[in-house]
file structure05.cif (mmCIF, C-alpha atoms)
data_structure
#
loop_
_atom_site.label_atom_id
_atom_site.label_comp_id
_atom_site.auth_asym_id
_atom_site.auth_seq_id
_atom_site.Cartn_x
_atom_site.Cartn_y
_atom_site.Cartn_z
CA MET Y 1 19.79 27.05 -30.57
CA LEU Y 2 17.18 25.64 -28.21
CA LYS Y 3 19.63 25.87 -25.32
CA GLU Y 4 19.81 29.65 -25.66
CA TRP Y 5 16.27 30.78 -26.19
CA VAL Y 6 14.06 28.41 -24.20
CA PRO Y 7 14.98 29.43 -20.63
CA LEU Y 8 14.88 33.13 -21.46
CA LYS Y 9 11.59 32.94 -23.30
CA PHE Y 10 9.83 30.90 -20.66
CA HIS Y 11 11.25 32.97 -17.83
CA GLN Y 12 9.73 36.06 -19.43
CA ASP Y 13 6.45 34.25 -20.00
CA ARG Y 14 6.34 33.35 -16.33
CA VAL Y 15 7.04 36.93 -15.26
CA ASN Y 16 4.23 38.13 -17.50
CA ARG Y 17 1.86 35.59 -15.99
CA LYS Y 18 2.52 36.55 -12.35
CA GLU Y 19 -0.42 38.91 -12.17
CA GLU Y 20 -2.73 36.45 -13.90
CA ASN Y 21 -2.14 33.42 -11.75
CA MET Y 22 -4.31 34.09 -8.70
CA SER Y 23 -8.04 33.58 -8.84
CA GLN Y 24 -8.15 31.82 -12.16
CA THR Y 25 -11.49 30.36 -13.07
CA LEU Y 26 -11.93 26.63 -13.54
CA HIS Y 27 -12.47 27.28 -17.24
CA GLU Y 28 -9.19 29.22 -17.52
CA ILE Y 29 -7.27 26.51 -15.68
CA ARG Y 30 -8.82 23.78 -17.83
CA THR Y 31 -7.98 25.67 -21.02
CA GLY Y 32 -4.39 26.03 -19.84
CA LEU Y 33 -4.18 22.34 -19.04
CA GLU Y 34 -5.63 21.37 -22.39
CA ASN Y 35 -2.86 23.38 -24.05
CA ASN Y 36 -0.19 21.93 -21.77
CA PRO Y 37 2.52 20.65 -24.17
CA PHE Y 38 3.51 17.67 -22.03
CA LEU Y 39 -0.08 16.49 -21.54
CA LYS Y 40 -0.66 16.72 -25.29
CA ARG Y 41 2.57 14.90 -26.02
CA THR Y 42 1.73 12.05 -23.65
CA GLY Y 43 -1.91 11.85 -24.72
CA PHE Y 44 -3.79 12.62 -21.50
CA GLU Y 45 -7.40 13.66 -22.02
CA ILE Y 46 -9.33 15.68 -19.45
CA LEU Y 47 -12.82 14.15 -19.21
CA LYS Y 48 -13.95 16.12 -16.18
CA PHE Y 49 -12.55 19.21 -14.46
CA GLU Y 50 -14.67 20.55 -11.64
CA GLU Y 51 -13.75 21.67 -8.15
CA GLU Y 52 -12.05 18.69 -6.46
CA ASP Y 53 -13.63 16.40 -9.03
CA ILE Y 54 -11.42 15.57 -11.97
CA LEU Y 55 -11.20 12.61 -14.33
CA LEU Y 56 -8.25 11.99 -16.61
CA LYS Y 57 -8.12 9.43 -19.41
CA LEU Y 58 -5.26 7.82 -21.29
CA LYS Y 59 -5.61 5.51 -24.25
CA ILE Y 60 -2.55 3.27 -24.13
CA GLU Y 61 -0.50 3.50 -27.33
CA PRO Y 62 2.62 1.53 -28.34
CA SER Y 63 4.73 4.61 -27.54
CA HIS Y 64 3.74 4.26 -23.85
CA LEU Y 65 5.21 0.78 -23.44
CA ASN Y 66 8.51 -0.45 -22.06
CA LEU Y 67 10.69 -3.31 -23.32
CA ASN Y 68 8.47 -5.81 -21.49
CA GLN Y 69 5.56 -4.53 -23.62
CA THR Y 70 3.77 -3.23 -20.53
CA LEU Y 71 2.95 0.36 -19.61
CA HIS Y 72 6.12 2.26 -18.72
CA GLY Y 73 6.37 3.30 -15.06
CA GLY Y 74 6.95 6.88 -16.12
CA VAL Y 75 3.49 6.99 -17.66
CA HIS Y 76 1.83 5.92 -14.41
CA ALA Y 77 3.88 8.52 -12.55
CA SER Y 78 3.01 11.28 -15.01
CA MET Y 79 -0.69 10.45 -14.91
CA LEU Y 80 -0.88 10.33 -11.11
CA GLU Y 81 1.11 13.54 -10.73
CA THR Y 82 -1.07 15.29 -13.27
CA ALA Y 83 -4.30 14.17 -11.60
CA GLN Y 84 -3.08 15.24 -8.16
CA ALA Y 85 -1.92 18.64 -9.36
CA MET Y 86 -5.20 19.16 -11.23
CA ALA Y 87 -7.26 18.35 -8.13
CA ILE Y 88 -5.32 20.89 -6.06
CA ARG Y 89 -5.42 23.55 -8.81
CA SER Y 90 -9.18 23.09 -9.11
CA LEU Y 91 -9.54 23.85 -5.40
CA TYR Y 92 -7.03 26.69 -4.95
CA LYS Y 93 -7.49 28.24 -8.42
CA THR Y 94 -3.79 28.96 -8.72
CA ARG Y 95 -0.56 27.33 -9.82
CA VAL Y 96 1.04 24.59 -7.77
CA SER Y 97 4.52 23.07 -7.70
CA VAL Y 98 5.19 19.46 -6.74
CA ILE Y 99 7.49 18.79 -3.78
CA ASN Y 100 7.31 15.02 -3.39
CA VAL Y 101 5.43 12.06 -4.84
CA ASN Y 102 5.17 8.41 -3.84
CA ILE Y 103 3.87 5.85 -6.31
CA GLN Y 104 2.82 2.24 -5.80
CA TYR Y 105 2.70 0.10 -8.94
CA LEU Y 106 0.06 -2.57 -8.36
CA MET Y 107 -0.70 -4.23 -11.69
CA ALA Y 108 0.92 -4.31 -15.13
CA THR Y 109 -1.19 -3.32 -18.12
CA SER Y 110 -0.48 -2.98 -21.82
CA SER Y 111 -3.61 -1.94 -23.69
CA GLY Y 112 -7.00 -0.27 -23.38
CA ASP Y 113 -8.03 2.90 -21.58
CA LEU Y 114 -6.90 4.06 -18.17
CA PHE Y 115 -8.67 6.54 -15.89
CA ALA Y 116 -7.22 8.61 -13.05
CA ARG Y 117 -9.04 10.36 -10.21
CA ALA Y 118 -7.59 12.34 -7.31
CA ILE Y 119 -8.69 13.74 -3.97
CA VAL Y 120 -7.17 16.52 -1.88
CA PHE Y 121 -6.57 15.16 1.62
CA GLN Y 122 -4.72 18.07 3.17
CA LYS Y 123 -5.62 21.69 2.52
CA GLY Y 124 -3.06 24.05 4.05
CA TYR Y 125 -2.29 27.69 3.26
CA LYS Y 126 1.11 26.98 1.69
CA ILE Y 127 1.08 23.22 1.25
CA ALA Y 128 -1.56 20.76 0.05
CA GLY Y 129 -1.58 16.98 -0.18
CA ALA Y 130 -3.42 14.84 -2.72
CA GLU Y 131 -3.70 11.20 -3.59
CA ALA Y 132 -4.70 9.62 -6.88
CA GLU Y 133 -5.39 6.24 -8.35
CA ILE Y 134 -5.36 4.77 -11.84
CA ARG Y 135 -7.96 2.18 -12.81
CA ASP Y 136 -8.58 0.41 -16.08
CA SER Y 137 -11.95 0.16 -17.86
CA GLU Y 138 -12.79 -2.94 -15.77
CA ASN Y 139 -12.21 -0.89 -12.60
CA ARG Y 140 -9.05 -2.79 -11.64
CA LEU Y 141 -6.59 -0.77 -9.58
CA ILE Y 142 -3.40 -0.31 -11.64
CA ALA Y 143 -1.43 2.21 -9.56
CA LYS Y 144 -1.84 4.51 -6.59
CA GLY Y 145 0.05 7.61 -5.60
CA SER Y 146 0.21 10.51 -3.22
CA GLY Y 147 1.97 13.82 -3.37
CA VAL Y 148 2.73 17.05 -1.56
CA TYR Y 149 2.41 20.32 -3.46
CA LYS Y 150 3.42 23.91 -2.81
CA ILE Y 151 0.69 26.49 -3.45
CA ILE Y 152 2.11 29.33 -5.54
CA ARG Y 153 0.80 32.63 -4.13
CA GLU Y 154 2.55 35.34 -6.12
CA MET B 1 24.44 -5.24 -22.79
CA GLU B 2 23.67 -3.53 -26.07
CA ILE B 3 22.01 -0.14 -25.87
CA SER B 4 19.06 -1.39 -27.93
CA LYS B 5 18.18 -3.78 -25.12
CA VAL B 6 17.67 -1.06 -22.56
CA GLN B 7 15.71 1.45 -24.64
CA SER B 8 11.93 1.35 -24.70
CA THR B 9 9.57 3.20 -26.98
CA PHE B 10 8.58 5.58 -24.17
CA PHE B 11 12.30 6.26 -23.69
CA GLU B 12 12.48 7.46 -27.29
CA HIS B 13 9.10 9.20 -27.10
CA ILE B 14 10.33 11.60 -24.40
CA GLY B 15 13.74 12.06 -26.04
CA PHE B 16 16.21 10.61 -23.53
CA ARG B 17 19.63 9.42 -24.60
CA ARG B 18 22.21 7.28 -22.89
CA ASP B 19 25.62 8.70 -22.02
CA GLU B 20 27.80 6.10 -23.70
CA THR B 21 31.14 7.39 -22.36
CA ASP B 22 30.90 4.94 -19.44
CA SER B 23 29.70 1.54 -20.62
CA ASP B 24 29.69 0.11 -17.08
CA ALA B 25 27.14 2.62 -15.84
CA PHE B 26 23.78 3.61 -17.30
CA ASN B 27 23.67 7.39 -17.14
CA LEU B 28 20.92 9.25 -18.91
CA GLU B 29 20.84 12.68 -20.52
CA LEU B 30 17.98 14.85 -21.67
CA ASP B 31 17.91 18.04 -23.71
CA LEU B 32 14.98 20.32 -23.08
CA GLN B 33 12.23 20.29 -25.70
CA PRO B 34 9.13 22.50 -25.68
CA GLU B 35 6.91 19.38 -25.52
CA LEU B 36 8.18 18.63 -22.02
CA LEU B 37 6.88 21.87 -20.53
CA GLN B 38 3.65 22.71 -18.75
CA ASP B 39 1.34 25.62 -19.42
CA ASP B 40 3.20 27.74 -16.83
CA GLY B 41 6.59 27.17 -18.50
CA THR B 42 8.00 24.75 -15.91
CA ILE B 43 8.96 21.17 -16.73
CA HIS B 44 6.31 18.56 -15.97
CA SER B 45 7.40 16.50 -12.96
CA GLY B 46 6.47 13.36 -14.90
CA VAL B 47 9.53 13.93 -17.09
CA PHE B 48 11.81 13.60 -14.08
CA SER B 49 9.84 10.69 -12.62
CA THR B 50 10.22 8.92 -15.95
CA MET B 51 13.93 9.75 -16.10
CA LEU B 52 14.54 8.33 -12.63
CA ASP B 53 12.43 5.23 -13.33
CA ILE B 54 14.44 4.56 -16.50
CA VAL B 55 17.87 5.24 -15.06
CA MET B 56 17.27 3.03 -12.01
CA GLY B 57 15.46 0.27 -13.92
CA ALA B 58 18.03 0.12 -16.73
CA THR B 59 20.98 0.08 -14.32
CA ILE B 60 19.39 -2.81 -12.43
CA SER B 61 18.50 -4.57 -15.67
CA GLN B 62 22.07 -4.24 -16.90
CA LYS B 63 23.65 -5.38 -13.65
CA PHE B 64 21.36 -8.31 -12.86
CA LEU B 65 20.55 -9.40 -16.47
CA SER B 66 16.87 -9.24 -15.64
CA PHE B 67 13.81 -7.23 -16.49
CA ALA B 68 13.28 -4.74 -13.66
CA THR B 69 9.64 -4.16 -12.78
CA THR B 70 8.94 -1.06 -10.72
CA ILE B 71 7.14 -1.70 -7.43
CA ASN B 72 7.53 1.67 -5.75
CA LEU B 73 8.94 5.11 -6.52
CA ASN B 74 9.40 8.00 -4.13
CA ILE B 75 10.66 11.25 -5.63
CA SER B 76 11.47 14.68 -4.26
CA PHE B 77 11.59 17.59 -6.69
CA PHE B 78 13.76 20.61 -5.96
CA ASN B 79 13.59 22.68 -9.12
CA LEU B 80 11.31 22.41 -12.16
CA ASP B 81 12.76 25.37 -14.08
CA PRO B 82 13.44 24.78 -17.78
CA TYR B 83 17.21 24.38 -17.87
CA PRO B 84 18.70 23.38 -21.24
CA SER B 85 19.84 19.90 -20.27
CA PHE B 86 19.77 17.32 -17.50
CA ARG B 87 21.72 14.27 -16.45
CA ALA B 88 20.61 11.32 -14.28
CA GLU B 89 22.76 8.82 -12.39
CA THR B 90 21.90 5.97 -10.07
CA THR B 91 23.32 3.94 -7.19
CA ILE B 92 22.14 0.50 -6.15
CA LEU B 93 21.53 0.51 -2.41
CA HIS B 94 20.47 -3.06 -1.68
CA HIS B 95 19.48 -6.26 -3.43
CA ASP B 96 18.35 -9.77 -2.70
CA THR B 97 17.28 -12.53 -5.09
CA LYS B 98 13.90 -10.97 -5.93
CA SER B 99 14.13 -7.25 -5.43
CA VAL B 100 16.56 -4.36 -5.76
CA THR B 101 16.42 -0.92 -4.19
CA ALA B 102 18.19 1.97 -5.88
CA GLU B 103 18.42 5.72 -5.66
CA GLY B 104 18.68 8.11 -8.57
CA VAL B 105 19.62 11.76 -8.86
CA ILE B 106 19.08 14.33 -11.58
CA PHE B 107 21.35 17.33 -12.07
CA ASN B 108 21.06 20.23 -14.47
CA TYR B 109 23.89 21.21 -16.82
CA GLU B 110 25.46 23.31 -14.06
CA GLY B 111 25.50 20.42 -11.60
CA ASP B 112 22.63 21.66 -9.41
CA LEU B 113 20.43 18.97 -7.87
CA ILE B 114 17.01 18.94 -9.56
CA ALA B 115 15.34 15.79 -8.23
CA LYS B 116 16.18 12.75 -6.17
CA GLY B 117 14.30 9.47 -5.96
CA MET B 118 14.38 6.03 -4.48
CA GLY B 119 12.79 3.01 -6.10
CA THR B 120 12.20 -0.67 -5.45
CA PHE B 121 12.20 -3.05 -8.41
CA LYS B 122 11.28 -6.71 -8.80
CA ILE B 123 13.84 -8.81 -10.67
CA SER B 124 13.99 -12.32 -12.13
CA PRO B 125 17.72 -12.92 -12.67
CA GLY B 126 18.41 -14.66 -15.97
CA SER B 127 15.18 -13.43 -17.57
CA ARG B 128 17.20 -11.24 -19.92
CA GLN B 129 20.39 -12.66 -21.40
#
call {"tool": "encode", "arguments": {"input": "structure05.cif", "output": "structure tokens"}}
result
Amino acid sequence: MLKEWVPLKFHQDRVNRKEENMSQTLHEIRTGLENNPFLKRTGFEILKFEEEDILLKLKIEPSHLNLNQTLHGGVHASMLETAQAMAIRSLYKTRVSVINVNIQYLMATSSGDLFARAIVFQKGYKIAGAEAEIRDSENRLIAKGSGVYKIIRE
Amino acid sequence: MEISKVQSTFFEHIGFRRDETDSDAFNLELDLQPELLQDDGTIHSGVFSTMLDIVMGATISQKFLSFATTINLNISFFNLDPYPSFRAETTILHHDTKSVTAEGVIFNYEGDLIAKGMGTFKISPGSRQ
């Protein structure tokens, strides 16, 4: 059942949103992000969302771990990608689409809180670049990433 | 290697499943669920990053009988549209006694390329028997 209705429904949703996507306010973008199903599912919490100044938090749960009982690499990747996209969206006030990401895993972790920050290092008309880092509550660097994003101007 | 030894809790949390038709390879499949989408209706890129990390890490783990710890991942995304299902496969490119480099690809149900990544993993052969 899911296979039939999901693409059609979300395609229509996206068409309906075309006119709304430019010049969103920070509040509108933040509200959208807070209702983002994947962010809710993974447990990311937006602590701060201002222009080019965002802070993301994750409380590590058992569901985030791999067989080694350390944080799964997919969680680092998701957190860095989310932080980078948020930083760019906060600046451009529109949707973005990721093109490429590169992630360095620097230290294993298995419990506690993690925090991600991102900066926009390249601000083009069609393309923007951002980098992000994840630190634990003792300010130890856990992972670092960078990414290139397409700016959606519909 | 038994399937239970290559599945983590995050694996189950996202909803991946192993394609068990080929026991020599570790191919991964994913059916779209609404929880994997973003507010704009596209799939979150973290889903595909996770899928590639798992498919590469588990293939290495199975082949070298070792835990595979990710050191680096580089991923290009070509299409984040919400297709009904996806499949990931991997190829080992190089290995020495301490590290393995692999590449992984994700296709949608029609065989279109969705994402491609390359990763480097640390291994300790014999750490997982």
call {"tool": "resolve_selection", "arguments": {"input": "structure05.cif", "expression": "the PyMOL selection byres ((chain B and resi 25-40) around 6)", "output": "VMD selection string"}}
result
(chain Y and resid 32 36 to 38) or (chain B and resid 16 to 19 22 to 24 41 to 44 59 84 to 89)
call {"tool": "write_last_selection", "arguments": {"input": "structure05.cif", "atoms": "C-alpha atoms", "output": "PDB file, keeping the file's coordinate frame"}}
result
ATOM      1  CA  GLY Y  32      -4.390  26.030 -19.840  1.00  0.00           C
ATOM      2  CA  ASN Y  36      -0.190  21.930 -21.770  1.00  0.00           C
ATOM      3  CA  PRO Y  37       2.520  20.650 -24.170  1.00  0.00           C
ATOM      4  CA  PHE Y  38       3.510  17.670 -22.030  1.00  0.00           C
TER       5      PHE Y  38
ATOM      6  CA  PHE B  16      16.210  10.610 -23.530  1.00  0.00           C
ATOM      7  CA  ARG B  17      19.630   9.420 -24.600  1.00  0.00           C
ATOM      8  CA  ARG B  18      22.210   7.280 -22.890  1.00  0.00           C
ATOM      9  CA  ASP B  19      25.620   8.700 -22.020  1.00  0.00           C
ATOM     10  CA  ASP B  22      30.900   4.940 -19.440  1.00  0.00           C
ATOM     11  CA  SER B  23      29.700   1.540 -20.620  1.00  0.00           C
ATOM     12  CA  ASP B  24      29.690   0.110 -17.080  1.00  0.00           C
ATOM     13  CA  GLY B  41       6.590  27.170 -18.500  1.00  0.00           C
ATOM     14  CA  THR B  42       8.000  24.750 -15.910  1.00  0.00           C
ATOM     15  CA  ILE B  43       8.960  21.170 -16.730  1.00  0.00           C
ATOM     16  CA  HIS B  44       6.310  18.560 -15.970  1.00  0.00           C
ATOM     17  CA  THR B  59      20.980   0.080 -14.320  1.00  0.00           C
ATOM     18  CA  PRO B  84      18.700  23.380 -21.240  1.00  0.00           C
ATOM     19  CA  SER B  85      19.840  19.900 -20.270  1.00  0.00           C
ATOM     20  CA  PHE B  86      19.770  17.320 -17.500  1.00  0.00           C
ATOM     21  CA  ARG B  87      21.720  14.270 -16.450  1.00  0.00           C
ATOM     22  CA  ALA B  88      20.610  11.320 -14.280  1.00  0.00           C
ATOM     23  CA  GLU B  89      22.760   8.820 -12.390  1.00  0.00           C
TER      24      GLU B  89
END
call {"tool": "resolve_selection", "arguments": {"input": "structure05.cif", "expression": "the PyMOL selection byres ((chain Y and resi 49-62) around 9)", "output": "PyMOL selection string"}}
result
(chain Y and resi 26-27+30+42-48+63-66+69+71+79+82-83+86-92+110-120) or (chain B and resi 9-10)
call {"tool": "resolve_selection", "arguments": {"input": "structure05.cif", "expression": "the PyMOL selection byres ((chain Y) within 7 of (chain B))", "output": "PyMOL selection string"}}
result
chain Y and resi 3+7+10+14+32-33+35-38+41+63-67+72-74+77-78+81+98-105
call {"tool": "atom_distance", "arguments": {"input": "structure05.cif", "atom1": "atom CA of Y:Lys123", "atom2": "atom CA of Y:Leu39"}}
result
25.2 Å
call {"tool": "atom_distance", "arguments": {"input": "structure05.cif", "atom1": "atom CA of Y:Gln84", "atom2": "atom CA of Y:Gly147"}}
result
7.1 Å
call {"tool": "atom_distance", "arguments": {"input": "structure05.cif", "atom1": "atom CA of Y:Glu133", "atom2": "atom CA of Y:Leu80"}}
result
6.7 Å
call {"tool": "decode", "arguments": {"input": "structure05.cif", "residues": "stretch 136-153 of chain Y", "atoms": "C-alpha atoms", "output": "PDB file, in the first residue's frame"}}
result
ATOM      1  CA  ASP Y 136      30.496  15.784  23.355  1.00  0.00           C
ATOM      2  CA  SER Y 137      29.590  17.533  26.626  1.00  0.00           C
ATOM      3  CA  GLU Y 138      33.303  17.633  27.562  1.00  0.00           C
ATOM      4  CA  ASN Y 139      34.027  19.483  24.300  1.00  0.00           C
ATOM      5  CA  ARG Y 140      35.906  16.553  22.759  1.00  0.00           C
ATOM      6  CA  LEU Y 141      35.774  16.456  18.972  1.00  0.00           C
ATOM      7  CA  ILE Y 142      33.862  13.317  17.913  1.00  0.00           C
ATOM      8  CA  ALA Y 143      33.425  13.836  14.159  1.00  0.00           C
ATOM      9  CA  LYS Y 144      33.869  16.488  11.510  1.00  0.00           C
ATOM     10  CA  GLY Y 145      32.250  16.878   8.126  1.00  0.00           C
ATOM     11  CA  SER Y 146      31.838  19.115   5.139  1.00  0.00           C
ATOM     12  CA  GLY Y 147      29.280  19.225   2.388  1.00  0.00           C
ATOM     13  CA  VAL Y 148      28.200  20.912  -0.816  1.00  0.00           C
ATOM     14  CA  TYR Y 149      24.549  21.876  -1.226  1.00  0.00           C
ATOM     15  CA  LYS Y 150      22.390  23.037  -4.108  1.00  0.00           C
ATOM     16  CA  ILE Y 151      20.230  26.080  -3.372  1.00  0.00           C
ATOM     17  CA  ILE Y 152      16.671  25.416  -4.540  1.00  0.00           C
ATOM     18  CA  ARG Y 153      15.357  28.569  -6.249  1.00  0.00           C
TER      19      ARG Y 153
END
